[in-house]
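K.L.:
To start, I am sharing the structure in question, which I have written as structure tokens.
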Amino acid sequence: MDGKVQHEDRVGIAGSSLRIPRLEVIRGVTAALALSWAAGAYEFPVSPPPRNDIAVENRVAIPMRDGVTLFADVYRPVGEGKHPVIVSRTPYSTERFPSAYAAAVYFSRRGYVYVFQDVRGRHESEGTWEPFRDDRDDGYDTIEWAARQPWSNGKVGMEGGSYLGHVQWRAAEARPPHLVTIFPRVASTSIYHDWITVNGGWRLAFNFGWGPVRQESRIMQNPGPHAMAGGPDGIAYDKVVWHLPLKEMQGLVGRDAEFYKDWLAHPDYDDYWRPLNVEEHFDRISVPVHTMGGFFDIFAQGTLRGYAGVSSHGGTEAARMGSQMVIGPWEHGVSRRVGAVDWGESAEIDTNALALRWFDYWLMGLENGLPDEPPVKIFVMGRNEWSYENEYPLARTQYVPLYLGSGGRANGSHGDGFLSWGKPEGESEPDRYAYDPGNPVPSLGGANCCGVSTTSGPQDQRPIEHRADVLVFTSSVLTEPVEVVGPVKLVLHASSSARDTDFVAKLIDVYPDGRPINVAEGILRARHREGAHRQVLMVPGQPYRMEIDMVGTANLFQTGHRIRVHVTSSHFPQFARNLNNGEPYGTGDTWVVAEQTVYHSASRPSHILLPVVGP
């Protein structure tokens, strides 16, 4: 092996990439070991060198409990020995493109059997395809089948990202006896709460672009002419997303997915969605879990809540104490350049090498130092370094309110909106703007993935800050840094002339050169202000206290920067437009303009609650 391969096999997180910026954030490890990590010099015991003699068995039949047969490709080391097994289950085909089976080759060369399976009703596997519905039982049956095979030593793990990550959570919830650990990346833990909607806001671009566009039938579909730049009128996605009502949209591109109709027909968190929510059953997760994801990923909530949930409520001590998390400045995969920002070399992580070290410990039994290190690794943007922590959210966090204020003219970046650490005294003139669904605020960055006609990640927000329907509240120039790490929410006091509407919030880091870069965001459909399980329409003109979950971030607002908050009512097409009329989701084709009022007085103190660490 050359030096590079040795380095990747030796260290799960590249030594030159993960540095400890401040020893005071290290808990539960020796100072000497912390210094070794910081210097990138600590070397753990290695798994065997990669081998070239692996065998591949295609279309291996795996029977399910109901008689349906699912098919998998099995990659394994040549020979008669028994090995630990890694299972990965995909709706995207085990042989669709080379990168699909890169992990299978990587792990099988390092002593693992890798079972790569098409999920029910997709590609080579039998059965009916309905996203998410059969993954709990099918995952259980596949794991137990793998444990019984002559090449298996009975220890089974799971890995994969996105849909391939969610199926791991579902399988673990079923508690198959031979499952030892899972490694879900960029994965949802509640399909309703962080996939289909966010606080009731319908993820239009993703639901449409991932769902009926690509997943309607057994075979992964090609977007074809719909995704062409300047595509034909009537079928190009950038034009189709404007169509109303939503329930007719998929027909314009030749799709008729029943599951998409069901999604629209169940806008509340009800019995249709409840079986798909792992977060209600963290106490059933009995194996250690390694979550991995990015703050700009569409499933950032799953990465953060998954770790927090299993480490606090897991069904065994091994799950609670053994789970770990890595979260970086990424979108739906690891990259040093995300959106409009280059986060530097330290943002790049070798995902397979990280997972290898995890499986080497839990499946191979290799004592490689894994349990001696802090379980949480968080990339702090702005500082562009990694912090090692003992928990998430961080125990030392102070939740500090930053209050919205203005003279009643916070519209746009040239308005008079400001942010203050001091609570407002007395009454003040509220801010007002008109939200017209016919002219929504265009999506510009944020936590997104795989949709149509959208950008994602951290982006310069100036192109939308001139709009009168974007309220802009900005702090004074910071004379000392403010580091925020953890959950973020906006407490908004607002009223509307409409019976229902949306409110959108963004947290923004304003650089000295004037660039406003988004670091967190959230949306709330007002009819769900009392919870996702039911709808309560607004009384026009009546003020309400509403909380907008902005998921979370890790960002150092440096000296000389400013903190900014946007408040508006649309984020299109990442989220479907609220038509402001209170009609059932997806059915209307007409709208009304909503006159929105945002309050920031002593009696109605709108504020963003920041998770501040350090001074």
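In the structure tokens, chains take letters A, B, ... by order of appearance, with residues numbered from 1 within each chain and ligands from 1 in the order shown.
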Mind listing the helix (DSSP H, G or I) residues of segment 206-416 of chain A, per DSSP on the backbone, as a PyMOL selection string?
P.N.:
chain A and resi 206-210+212-215+224-227+237-240+246-253+258-265+274-276+278-284+300-313+317-322+345-347+351-362+370-372
K.L.:
Write out, as a PDB file, in the first residue's frame, the residues just selected, with C-alpha atoms.
P.N.:
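Once written, result.pdb looks like this:
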```pdb
ATOM      1  CA  PHE A 206     -38.080  17.816  -2.999  1.00  0.00           C
ATOM      2  CA  ASN A 207     -41.377  15.942  -2.682  1.00  0.00           C
ATOM      3  CA  PHE A 208     -42.180  16.491  -6.353  1.00  0.00           C
ATOM      4  CA  GLY A 209     -38.654  16.081  -7.706  1.00  0.00           C
ATOM      5  CA  TRP A 210     -37.790  13.013  -5.641  1.00  0.00           C
ATOM      6  CA  PRO A 212     -43.362  11.145  -8.660  1.00  0.00           C
ATOM      7  CA  VAL A 213     -40.659  12.537 -10.924  1.00  0.00           C
ATOM      8  CA  ARG A 214     -38.064   9.836 -10.164  1.00  0.00           C
ATOM      9  CA  GLN A 215     -39.718   7.148  -8.033  1.00  0.00           C
ATOM     10  CA  GLY A 224     -35.308  13.742 -19.191  1.00  0.00           C
ATOM     11  CA  PRO A 225     -36.603  16.851 -20.986  1.00  0.00           C
ATOM     12  CA  HIS A 226     -38.265  18.183 -17.842  1.00  0.00           C
ATOM     13  CA  ALA A 227     -34.914  19.104 -16.300  1.00  0.00           C
ATOM     14  CA  TYR A 237     -39.905  21.710 -13.977  1.00  0.00           C
ATOM     15  CA  ASP A 238     -39.102  25.369 -13.417  1.00  0.00           C
ATOM     16  CA  LYS A 239     -42.502  26.129 -14.961  1.00  0.00           C
ATOM     17  CA  VAL A 240     -44.450  23.116 -13.681  1.00  0.00           C
ATOM     18  CA  LEU A 246     -50.736  20.869  -6.518  1.00  0.00           C
ATOM     19  CA  LYS A 247     -52.604  17.595  -6.868  1.00  0.00           C
ATOM     20  CA  GLU A 248     -52.597  18.001 -10.679  1.00  0.00           C
ATOM     21  CA  MET A 249     -48.914  18.883 -10.988  1.00  0.00           C
ATOM     22  CA  GLN A 250     -47.498  15.404 -11.504  1.00  0.00           C
ATOM     23  CA  GLY A 251     -49.866  14.798 -14.425  1.00  0.00           C
ATOM     24  CA  LEU A 252     -48.170  17.578 -16.373  1.00  0.00           C
ATOM     25  CA  VAL A 253     -44.985  15.484 -16.532  1.00  0.00           C
ATOM     26  CA  GLU A 258     -50.546   7.025  -5.750  1.00  0.00           C
ATOM     27  CA  PHE A 259     -48.161   7.630  -2.861  1.00  0.00           C
ATOM     28  CA  TYR A 260     -47.850  11.301  -3.852  1.00  0.00           C
ATOM     29  CA  LYS A 261     -51.629  11.651  -3.762  1.00  0.00           C
ATOM     30  CA  ASP A 262     -51.594  10.093  -0.301  1.00  0.00           C
ATOM     31  CA  TRP A 263     -48.950  12.540   0.902  1.00  0.00           C
ATOM     32  CA  LEU A 264     -51.118  15.487  -0.152  1.00  0.00           C
ATOM     33  CA  ALA A 265     -54.202  13.879   1.365  1.00  0.00           C
ATOM     34  CA  ARG A 274     -47.031   7.860  12.734  1.00  0.00           C
ATOM     35  CA  PRO A 275     -45.700   4.365  11.854  1.00  0.00           C
ATOM     36  CA  LEU A 276     -42.858   6.037   9.934  1.00  0.00           C
ATOM     37  CA  VAL A 278     -38.670   6.538  14.646  1.00  0.00           C
ATOM     38  CA  GLU A 279     -38.543   9.489  17.070  1.00  0.00           C
ATOM     39  CA  GLU A 280     -41.521   8.082  18.969  1.00  0.00           C
ATOM     40  CA  HIS A 281     -39.586   4.850  19.523  1.00  0.00           C
ATOM     41  CA  PHE A 282     -36.011   5.738  20.441  1.00  0.00           C
ATOM     42  CA  ASP A 283     -36.472   3.449  23.433  1.00  0.00           C
ATOM     43  CA  ARG A 284     -36.629   0.560  20.967  1.00  0.00           C
ATOM     44  CA  ALA A 300     -30.320  17.787   9.227  1.00  0.00           C
ATOM     45  CA  GLN A 301     -33.106  17.296  11.770  1.00  0.00           C
ATOM     46  CA  GLY A 302     -32.714  13.530  11.459  1.00  0.00           C
ATOM     47  CA  THR A 303     -28.966  13.692  12.058  1.00  0.00           C
ATOM     48  CA  LEU A 304     -29.313  15.932  15.126  1.00  0.00           C
ATOM     49  CA  ARG A 305     -32.472  14.505  16.641  1.00  0.00           C
ATOM     50  CA  GLY A 306     -31.368  10.976  15.865  1.00  0.00           C
ATOM     51  CA  TYR A 307     -28.233  11.312  17.953  1.00  0.00           C
ATOM     52  CA  ALA A 308     -29.917  13.335  20.704  1.00  0.00           C
ATOM     53  CA  GLY A 309     -32.794  10.872  20.880  1.00  0.00           C
ATOM     54  CA  VAL A 310     -30.861   7.633  21.011  1.00  0.00           C
ATOM     55  CA  SER A 311     -28.164   8.975  23.359  1.00  0.00           C
ATOM     56  CA  SER A 312     -30.857  10.116  25.803  1.00  0.00           C
ATOM     57  CA  HIS A 313     -33.598   7.511  25.333  1.00  0.00           C
ATOM     58  CA  GLU A 317     -26.788   1.366  27.791  1.00  0.00           C
ATOM     59  CA  ALA A 318     -24.819   0.429  24.657  1.00  0.00           C
ATOM     60  CA  ALA A 319     -27.159   2.571  22.545  1.00  0.00           C
ATOM     61  CA  ARG A 320     -27.136   5.503  24.950  1.00  0.00           C
ATOM     62  CA  MET A 321     -23.419   5.522  25.738  1.00  0.00           C
ATOM     63  CA  GLY A 322     -21.990   4.102  22.522  1.00  0.00           C
ATOM     64  CA  GLU A 345      -9.638  21.634   3.842  1.00  0.00           C
ATOM     65  CA  SER A 346     -10.754  20.713   7.346  1.00  0.00           C
ATOM     66  CA  ALA A 347     -14.348  20.286   6.100  1.00  0.00           C
ATOM     67  CA  THR A 351     -16.840   8.947   4.897  1.00  0.00           C
ATOM     68  CA  ASN A 352     -15.974   5.324   4.177  1.00  0.00           C
ATOM     69  CA  ALA A 353     -12.852   5.522   6.360  1.00  0.00           C
ATOM     70  CA  LEU A 354     -14.921   6.991   9.183  1.00  0.00           C
ATOM     71  CA  ALA A 355     -17.449   4.157   8.879  1.00  0.00           C
ATOM     72  CA  LEU A 356     -14.677   1.557   8.627  1.00  0.00           C
ATOM     73  CA  ARG A 357     -13.274   2.557  11.980  1.00  0.00           C
ATOM     74  CA  TRP A 358     -16.775   2.349  13.484  1.00  0.00           C
ATOM     75  CA  PHE A 359     -17.406  -1.139  12.081  1.00  0.00           C
ATOM     76  CA  ASP A 360     -13.902  -2.317  12.959  1.00  0.00           C
ATOM     77  CA  TYR A 361     -14.716  -1.635  16.596  1.00  0.00           C
ATOM     78  CA  TRP A 362     -18.303  -2.887  16.767  1.00  0.00           C
ATOM     79  CA  LEU A 370     -13.263   4.556  19.592  1.00  0.00           C
ATOM     80  CA  PRO A 371     -14.967   4.542  23.021  1.00  0.00           C
ATOM     81  CA  ASP A 372     -12.300   6.803  24.527  1.00  0.00           C
TER      82      ASP A 372
END
```
K.L.:
For segment 150-157 of chain A, find every residue with an atom within 7 Å (counting only C-alpha atoms), except residues of its own chain fewer than 2 positions away, and show them as a short mmCIF file (atom, residue, chain, number, x, y, z; two decimals) with all heavy atoms, in the first residue's frame.
P.N.:
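This is the output file result_14.cif:
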```
data_model
loop_
_atom_site.label_atom_id
_atom_site.label_comp_id
_atom_site.auth_asym_id
_atom_site.auth_seq_id
_atom_site.Cartn_x
_atom_site.Cartn_y
_atom_site.Cartn_z
N GLU A 80 -13.37 -19.59 2.59
CA GLU A 80 -14.40 -20.28 3.36
C GLU A 80 -14.65 -19.66 4.73
O GLU A 80 -15.47 -20.16 5.48
CB GLU A 80 -13.99 -21.75 3.55
CG GLU A 80 -13.81 -22.51 2.24
CD GLU A 80 -15.09 -22.53 1.43
OE1 GLU A 80 -16.18 -22.65 2.03
OE2 GLU A 80 -15.01 -22.43 0.18
N GLY A 81 -13.93 -18.60 5.08
CA GLY A 81 -14.05 -18.04 6.41
C GLY A 81 -15.39 -17.36 6.66
O GLY A 81 -16.17 -17.09 5.73
N LYS A 82 -15.64 -17.08 7.94
CA LYS A 82 -16.85 -16.35 8.33
C LYS A 82 -16.47 -14.90 8.64
O LYS A 82 -15.43 -14.63 9.24
CB LYS A 82 -17.50 -17.00 9.55
CG LYS A 82 -18.05 -18.39 9.26
CD LYS A 82 -18.69 -18.97 10.51
CE LYS A 82 -19.24 -20.37 10.23
NZ LYS A 82 -20.40 -20.33 9.31
N HIS A 83 -17.35 -13.97 8.25
CA HIS A 83 -17.04 -12.54 8.34
C HIS A 83 -18.23 -11.78 8.90
O HIS A 83 -19.38 -12.21 8.76
CB HIS A 83 -16.69 -11.98 6.96
CG HIS A 83 -15.63 -12.75 6.24
ND1 HIS A 83 -14.30 -12.54 6.43
CD2 HIS A 83 -15.73 -13.76 5.33
CE1 HIS A 83 -13.60 -13.36 5.67
NE2 HIS A 83 -14.44 -14.11 4.98
N PRO A 84 -17.99 -10.62 9.51
CA PRO A 84 -19.11 -9.74 9.85
C PRO A 84 -19.75 -9.21 8.57
O PRO A 84 -19.11 -9.13 7.52
CB PRO A 84 -18.46 -8.62 10.65
CG PRO A 84 -17.03 -8.63 10.26
CD PRO A 84 -16.70 -10.05 9.91
N VAL A 85 -21.02 -8.85 8.67
CA VAL A 85 -21.81 -8.48 7.50
C VAL A 85 -22.29 -7.05 7.62
O VAL A 85 -22.72 -6.61 8.69
CB VAL A 85 -23.02 -9.42 7.33
CG1 VAL A 85 -23.80 -9.07 6.06
CG2 VAL A 85 -22.58 -10.88 7.31
N ILE A 86 -22.23 -6.31 6.52
CA ILE A 86 -22.83 -4.99 6.42
C ILE A 86 -23.96 -5.07 5.40
O ILE A 86 -23.75 -5.51 4.26
CB ILE A 86 -21.80 -3.93 6.00
CG1 ILE A 86 -20.70 -3.81 7.05
CG2 ILE A 86 -22.48 -2.57 5.78
CD1 ILE A 86 -19.55 -2.91 6.64
N VAL A 87 -25.15 -4.65 5.81
CA VAL A 87 -26.32 -4.65 4.93
C VAL A 87 -26.63 -3.22 4.51
O VAL A 87 -26.64 -2.31 5.35
CB VAL A 87 -27.54 -5.28 5.64
CG1 VAL A 87 -28.82 -5.04 4.83
CG2 VAL A 87 -27.32 -6.77 5.87
N ILE A 143 -31.66 -8.76 7.70
CA ILE A 143 -30.58 -8.86 8.69
C ILE A 143 -30.49 -10.28 9.24
O ILE A 143 -29.40 -10.87 9.33
CB ILE A 143 -30.81 -7.85 9.82
CG1 ILE A 143 -30.55 -6.43 9.30
CG2 ILE A 143 -29.92 -8.15 11.03
CD1 ILE A 143 -31.12 -5.35 10.17
N ALA A 146 -29.07 -12.63 6.66
CA ALA A 146 -27.62 -12.46 6.53
C ALA A 146 -26.87 -13.15 7.66
O ALA A 146 -25.81 -13.75 7.46
CB ALA A 146 -27.27 -10.98 6.49
N ALA A 147 -27.41 -13.10 8.87
CA ALA A 147 -26.74 -13.71 10.02
C ALA A 147 -26.67 -15.23 9.91
O ALA A 147 -25.78 -15.86 10.51
CB ALA A 147 -27.47 -13.31 11.30
N ARG A 148 -27.58 -15.85 9.16
CA ARG A 148 -27.63 -17.31 9.04
C ARG A 148 -26.75 -17.88 7.94
O ARG A 148 -26.58 -19.10 7.84
CB ARG A 148 -29.07 -17.77 8.80
CG ARG A 148 -30.03 -17.48 9.93
CD ARG A 148 -31.35 -18.22 9.70
NE ARG A 148 -32.00 -17.82 8.45
CZ ARG A 148 -32.92 -16.86 8.35
NH1 ARG A 148 -33.25 -16.15 9.44
NH2 ARG A 148 -33.48 -16.57 7.19
N GLU A 159 -25.30 0.28 6.79
CA GLU A 159 -24.75 1.59 6.42
C GLU A 159 -25.44 2.08 5.17
O GLU A 159 -26.10 1.34 4.45
CB GLU A 159 -23.23 1.51 6.25
CG GLU A 159 -22.72 0.94 4.95
CD GLU A 159 -22.55 1.99 3.86
OE1 GLU A 159 -22.25 3.15 4.17
OE2 GLU A 159 -22.72 1.62 2.68
N HIS A 178 -29.62 -10.11 15.61
CA HIS A 178 -28.24 -10.13 15.17
C HIS A 178 -27.72 -8.77 14.69
O HIS A 178 -26.59 -8.68 14.22
CB HIS A 178 -28.06 -11.18 14.06
CG HIS A 178 -28.18 -12.58 14.57
ND1 HIS A 178 -29.39 -13.25 14.61
CD2 HIS A 178 -27.25 -13.43 15.08
CE1 HIS A 178 -29.20 -14.46 15.10
NE2 HIS A 178 -27.91 -14.61 15.40
N LEU A 179 -28.53 -7.74 14.82
CA LEU A 179 -28.06 -6.40 14.45
C LEU A 179 -27.20 -5.86 15.57
O LEU A 179 -27.62 -5.81 16.73
CB LEU A 179 -29.24 -5.46 14.19
CG LEU A 179 -28.86 -4.04 13.74
CD1 LEU A 179 -28.16 -4.04 12.39
CD2 LEU A 179 -30.10 -3.15 13.69
N VAL A 180 -25.98 -5.44 15.24
CA VAL A 180 -25.03 -4.95 16.23
C VAL A 180 -24.94 -3.43 16.24
O VAL A 180 -24.82 -2.81 17.29
CB VAL A 180 -23.64 -5.56 15.98
CG1 VAL A 180 -22.59 -4.99 16.93
CG2 VAL A 180 -23.69 -7.08 16.09
N THR A 181 -25.03 -2.79 15.06
CA THR A 181 -24.89 -1.34 14.98
C THR A 181 -25.40 -0.85 13.64
O THR A 181 -25.54 -1.64 12.69
CB THR A 181 -23.42 -0.93 15.16
OG1 THR A 181 -23.33 0.50 15.23
CG2 THR A 181 -22.55 -1.42 14.02
N ILE A 182 -25.67 0.46 13.56
CA ILE A 182 -26.04 1.09 12.28
C ILE A 182 -25.26 2.38 12.13
O ILE A 182 -24.82 2.99 13.11
CB ILE A 182 -27.57 1.36 12.16
CG1 ILE A 182 -28.05 2.32 13.26
CG2 ILE A 182 -28.34 0.05 12.20
CD1 ILE A 182 -29.52 2.72 13.11
N LEU A 363 -17.99 -4.48 14.93
CA LEU A 363 -18.19 -5.76 14.26
C LEU A 363 -16.94 -6.64 14.27
O LEU A 363 -17.04 -7.86 14.38
CB LEU A 363 -18.65 -5.54 12.82
CG LEU A 363 -19.98 -4.81 12.63
CD1 LEU A 363 -20.32 -4.70 11.15
CD2 LEU A 363 -21.11 -5.52 13.38
#
```
K.L.:
When distances are computed from only C-alpha atoms, which of A:Ile219, A:Val241, A:Ile285, A:Val593 shows the smallest separation from Ala174 of chain A?
P.N.:
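Between A:Ile219, A:Val241, A:Ile285, A:Val593, the residue approaching Ala174 of chain A most closely is A:Ile285.
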K.L.:
Write down as an NGL selection string the residues belonging to segment 401-527 of chain A that are assigned strand (DSSP E or B) by DSSP computed on the backbone.
P.N.:
:A and (401-405 or 411 or 418-420 or 431-435 or 442 or 446 or 448 or 457 or 460 or 471-474 or 482-486 or 489-496 or 502-510 or 516-525)
K.L.:
Find, counting only C-alpha atoms, the residue in A:Asp513, A:Glu595, A:Glu483, A:Glu465 that gets nearest to Arg383 of chain A.
P.N.:
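Closest to Arg383 of chain A, using only C-alpha atoms: A:Glu483.
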K.L.:
Hey, what's within 10 Å of Arg432 of chain A if we count only C-alpha atoms and toss same-chain stuff fewer than 2 positions away? As a count of residues only, please?
P.N.:
20
